[in-house]
>>> print(open('entry_24.pdb').read())   # PDB, C-alpha atoms, pLDDT in the B column
ATOM      1  CA  PRO L  27      52.094  24.831  -7.334  1.00 48.00           C
ATOM      2  CA  ASN L  28      48.578  25.602  -6.099  1.00 53.00           C
ATOM      3  CA  GLY L  29      47.061  22.249  -7.058  1.00 61.00           C
ATOM      4  CA  LEU L  30      43.751  22.359  -8.917  1.00 78.00           C
ATOM      5  CA  HIS L  31      43.960  26.058  -9.713  1.00 85.00           C
ATOM      6  CA  PRO L  32      41.211  28.099 -11.433  1.00 90.00           C
ATOM      7  CA  ARG L  33      42.615  27.750 -14.980  1.00 92.00           C
ATOM      8  CA  LEU L  34      42.841  23.995 -14.702  1.00 91.00           C
ATOM      9  CA  ALA L  35      39.392  23.781 -13.109  1.00 93.00           C
ATOM     10  CA  ASP L  36      37.992  25.932 -15.935  1.00 96.00           C
ATOM     11  CA  ARG L  37      39.619  23.709 -18.564  1.00 96.00           C
ATOM     12  CA  PHE L  38      38.139  20.631 -16.867  1.00 96.00           C
ATOM     13  CA  ILE L  39      34.663  22.184 -16.878  1.00 97.00           C
ATOM     14  CA  ARG L  40      34.927  23.260 -20.532  1.00 97.00           C
ATOM     15  CA  THR L  41      35.974  19.734 -21.493  1.00 97.00           C
ATOM     16  CA  LEU L  42      33.142  18.210 -19.457  1.00 97.00           C
ATOM     17  CA  LYS L  43      30.560  20.460 -21.159  1.00 97.00           C
ATOM     18  CA  GLN L  44      31.422  18.880 -24.518  1.00 97.00           C
ATOM     19  CA  TYR L  45      29.828  15.613 -23.378  1.00 97.00           C
ATOM     20  CA  THR L  46      26.514  14.406 -22.027  1.00 97.00           C
ATOM     21  CA  CYS L  47      27.801  13.153 -18.721  1.00 97.00           C
ATOM     22  CA  THR L  48      28.528  14.087 -15.146  1.00 97.00           C
ATOM     23  CA  ALA L  49      31.822  13.964 -13.292  1.00 98.00           C
ATOM     24  CA  THR L  50      32.777  13.848  -9.657  1.00 98.00           C
ATOM     25  CA  ILE L  51      36.324  14.307  -8.419  1.00 96.00           C
ATOM     26  CA  TRP L  52      37.349  12.836  -5.081  1.00 96.00           C
ATOM     27  CA  ASN L  53      40.335  13.969  -3.035  1.00 94.00           C
ATOM     28  CA  GLY L  54      40.331  11.585  -0.107  1.00 93.00           C
ATOM     29  CA  GLU L  55      36.963  11.947   1.632  1.00 95.00           C
ATOM     30  CA  LEU L  56      36.170  15.266  -0.105  1.00 93.00           C
ATOM     31  CA  SER L  57      34.330  15.353  -3.411  1.00 96.00           C
ATOM     32  CA  ALA L  58      33.271  18.003  -5.888  1.00 96.00           C
ATOM     33  CA  ASP L  59      30.900  18.183  -8.820  1.00 97.00           C
ATOM     34  CA  GLY L  60      33.046  18.426 -11.942  1.00 96.00           C
ATOM     35  CA  SER L  61      30.941  21.283 -13.273  1.00 97.00           C
ATOM     36  CA  ASP L  62      31.379  23.501 -10.176  1.00 96.00           C
ATOM     37  CA  ILE L  63      34.548  25.608 -10.388  1.00 94.00           C
ATOM     38  CA  TRP L  64      34.447  26.656  -6.732  1.00 93.00           C
ATOM     39  CA  GLY L  65      33.883  23.088  -5.612  1.00 94.00           C
ATOM     40  CA  LEU L  66      36.873  21.925  -7.649  1.00 94.00           C
ATOM     41  CA  ILE L  67      39.098  24.656  -6.250  1.00 92.00           C
ATOM     42  CA  ALA L  68      37.907  23.912  -2.707  1.00 91.00           C
ATOM     43  CA  LEU L  69      39.184  20.323  -2.999  1.00 91.00           C
ATOM     44  CA  VAL L  70      42.691  21.709  -2.451  1.00 87.00           C
ATOM     45  CA  VAL L  71      44.319  19.165  -4.749  1.00 88.00           C
ATOM     46  CA  MET L  72      48.065  19.622  -4.466  1.00 84.00           C
ATOM     47  CA  PRO L  73      50.541  18.754  -7.233  1.00 80.00           C
ATOM     48  CA  ASP L  74      51.269  15.033  -7.518  1.00 83.00           C
ATOM     49  CA  SER L  75      48.196  14.199  -5.418  1.00 86.00           C
ATOM     50  CA  GLU L  76      46.111  11.217  -6.404  1.00 91.00           C
ATOM     51  CA  VAL L  77      42.439  11.903  -7.033  1.00 93.00           C
ATOM     52  CA  THR L  78      39.591   9.678  -8.119  1.00 96.00           C
ATOM     53  CA  LEU L  79      37.489  10.648 -11.117  1.00 97.00           C
ATOM     54  CA  GLU L  80      33.960   9.243 -11.461  1.00 97.00           C
ATOM     55  CA  VAL L  81      32.173   9.810 -14.759  1.00 98.00           C
ATOM     56  CA  GLY L  82      28.617   8.726 -15.549  1.00 98.00           C
ATOM     57  CA  GLY L  83      26.109   9.209 -18.327  1.00 97.00           C
ATOM     58  CA  PRO L  84      25.733   8.456 -22.035  1.00 97.00           C
ATOM     59  CA  ASP L  85      29.121   9.928 -23.064  1.00 96.00           C
ATOM     60  CA  ALA L  86      31.084   8.787 -20.018  1.00 97.00           C
ATOM     61  CA  ALA L  87      33.321   6.384 -21.921  1.00 96.00           C
ATOM     62  CA  LYS L  88      34.193   9.053 -24.490  1.00 96.00           C
ATOM     63  CA  ALA L  89      34.844  11.748 -21.882  1.00 97.00           C
ATOM     64  CA  LEU L  90      36.839   9.765 -19.319  1.00 96.00           C
ATOM     65  CA  ASP L  91      40.248   9.784 -21.016  1.00 95.00           C
ATOM     66  CA  LEU L  92      40.092  13.468 -21.940  1.00 96.00           C
ATOM     67  CA  LEU L  93      38.982  14.505 -18.461  1.00 96.00           C
ATOM     68  CA  ALA L  94      41.700  12.395 -16.866  1.00 94.00           C
ATOM     69  CA  GLU L  95      44.238  13.987 -19.211  1.00 94.00           C
ATOM     70  CA  VAL L  96      43.196  17.457 -18.047  1.00 92.00           C
ATOM     71  CA  LEU L  97      43.797  16.372 -14.454  1.00 90.00           C
ATOM     72  CA  GLY L  98      47.040  14.593 -15.267  1.00 83.00           C
TER      73      GLY L  98
END
>>> encode(input="entry_24.pdb", output="structure tokens")
Amino acid sequence: PNGLHPRLADRFIRTLKQYTCTATIWNGELSADGSDIWGLIALVVMPDSEVTLEVGGPDAAKALDLLAEVLG
């Protein structure tokens, strides 16, 4: 009920660390580095909100689906 809560943000970061890539999550005009737990929490993503996930780097293609699954 609290949107992108600390446990979910932590899971996202742990998943991201398994790959050589970067991630940015956008909630409207606000964005956060996918490796920054406080930035992710500060996005105030509410349940059923649509966010945009940008992934770049050598492992981006491998990481994208798993990262999106964590958010979904």
>>> atom_distance(input="entry_24.pdb", atom1="CA of Ile63 (chain L)", atom2="CA of Asp36 (chain L)")
6.5 Å
>>> resolve_selection(input="entry_24.pdb", expression="the PyMOL selection byres ((chain L and resi 39) around 10)", output="PyMOL selection string")
chain L and resi 33-38+40-44+49+59-63+66+93+96
>>> resolve_selection(input="entry_24.pdb", expression="the PyMOL selection byres ((chain L and resi 30) around 9)", output="compact mmCIF listing (two decimals) with C-alpha atoms, keeping the file's coordinate frame")
# COMPACT_ATOMS: atom_id res chain seq x y z
CA PRO L 27 52.09 24.83 -7.33
CA ASN L 28 48.58 25.60 -6.10
CA GLY L 29 47.06 22.25 -7.06
CA HIS L 31 43.96 26.06 -9.71
CA PRO L 32 41.21 28.10 -11.43
CA ARG L 33 42.62 27.75 -14.98
CA LEU L 34 42.84 24.00 -14.70
CA ALA L 35 39.39 23.78 -13.11
CA LEU L 66 36.87 21.92 -7.65
CA ILE L 67 39.10 24.66 -6.25
CA ALA L 68 37.91 23.91 -2.71
CA LEU L 69 39.18 20.32 -3.00
CA VAL L 70 42.69 21.71 -2.45
CA VAL L 71 44.32 19.16 -4.75
CA MET L 72 48.06 19.62 -4.47
CA PRO L 73 50.54 18.75 -7.23
CA LEU L 97 43.80 16.37 -14.45
>>> residues_around(input="entry_24.pdb", residues="Val81 (chain L)", least_positions_apart="6", cutoff="9 Å", atoms="all atoms listed in the file", output="list in words")
Cys47, Thr48, Ala49, Thr50, Ile51, Ala87, Ala89 and Leu90 of chain L
>>> resolve_selection(input="entry_24.pdb", expression="the PyMOL selection byres ((chain L and resi 46) around 7)", output="CSV table (one decimal) with C-alpha atoms, in the coordinates of the input")
chain,number,residue,atom,x,y,z
L,45,TYR,CA,29.8,15.6,-23.4
L,47,CYS,CA,27.8,13.2,-18.7
L,83,GLY,CA,26.1,9.2,-18.3
L,84,PRO,CA,25.7,8.5,-22.0
L,85,ASP,CA,29.1,9.9,-23.1
>>> atom_distance(input="entry_24.pdb", atom1="CA of Glu76 (chain L)", atom2="CA of Trp52 (chain L)")
9.0 Å
>>> atom_distance(input="entry_24.pdb", atom1="CA of Ser75 (chain L)", atom2="CA of Lys88 (chain L)")
24.2 Å
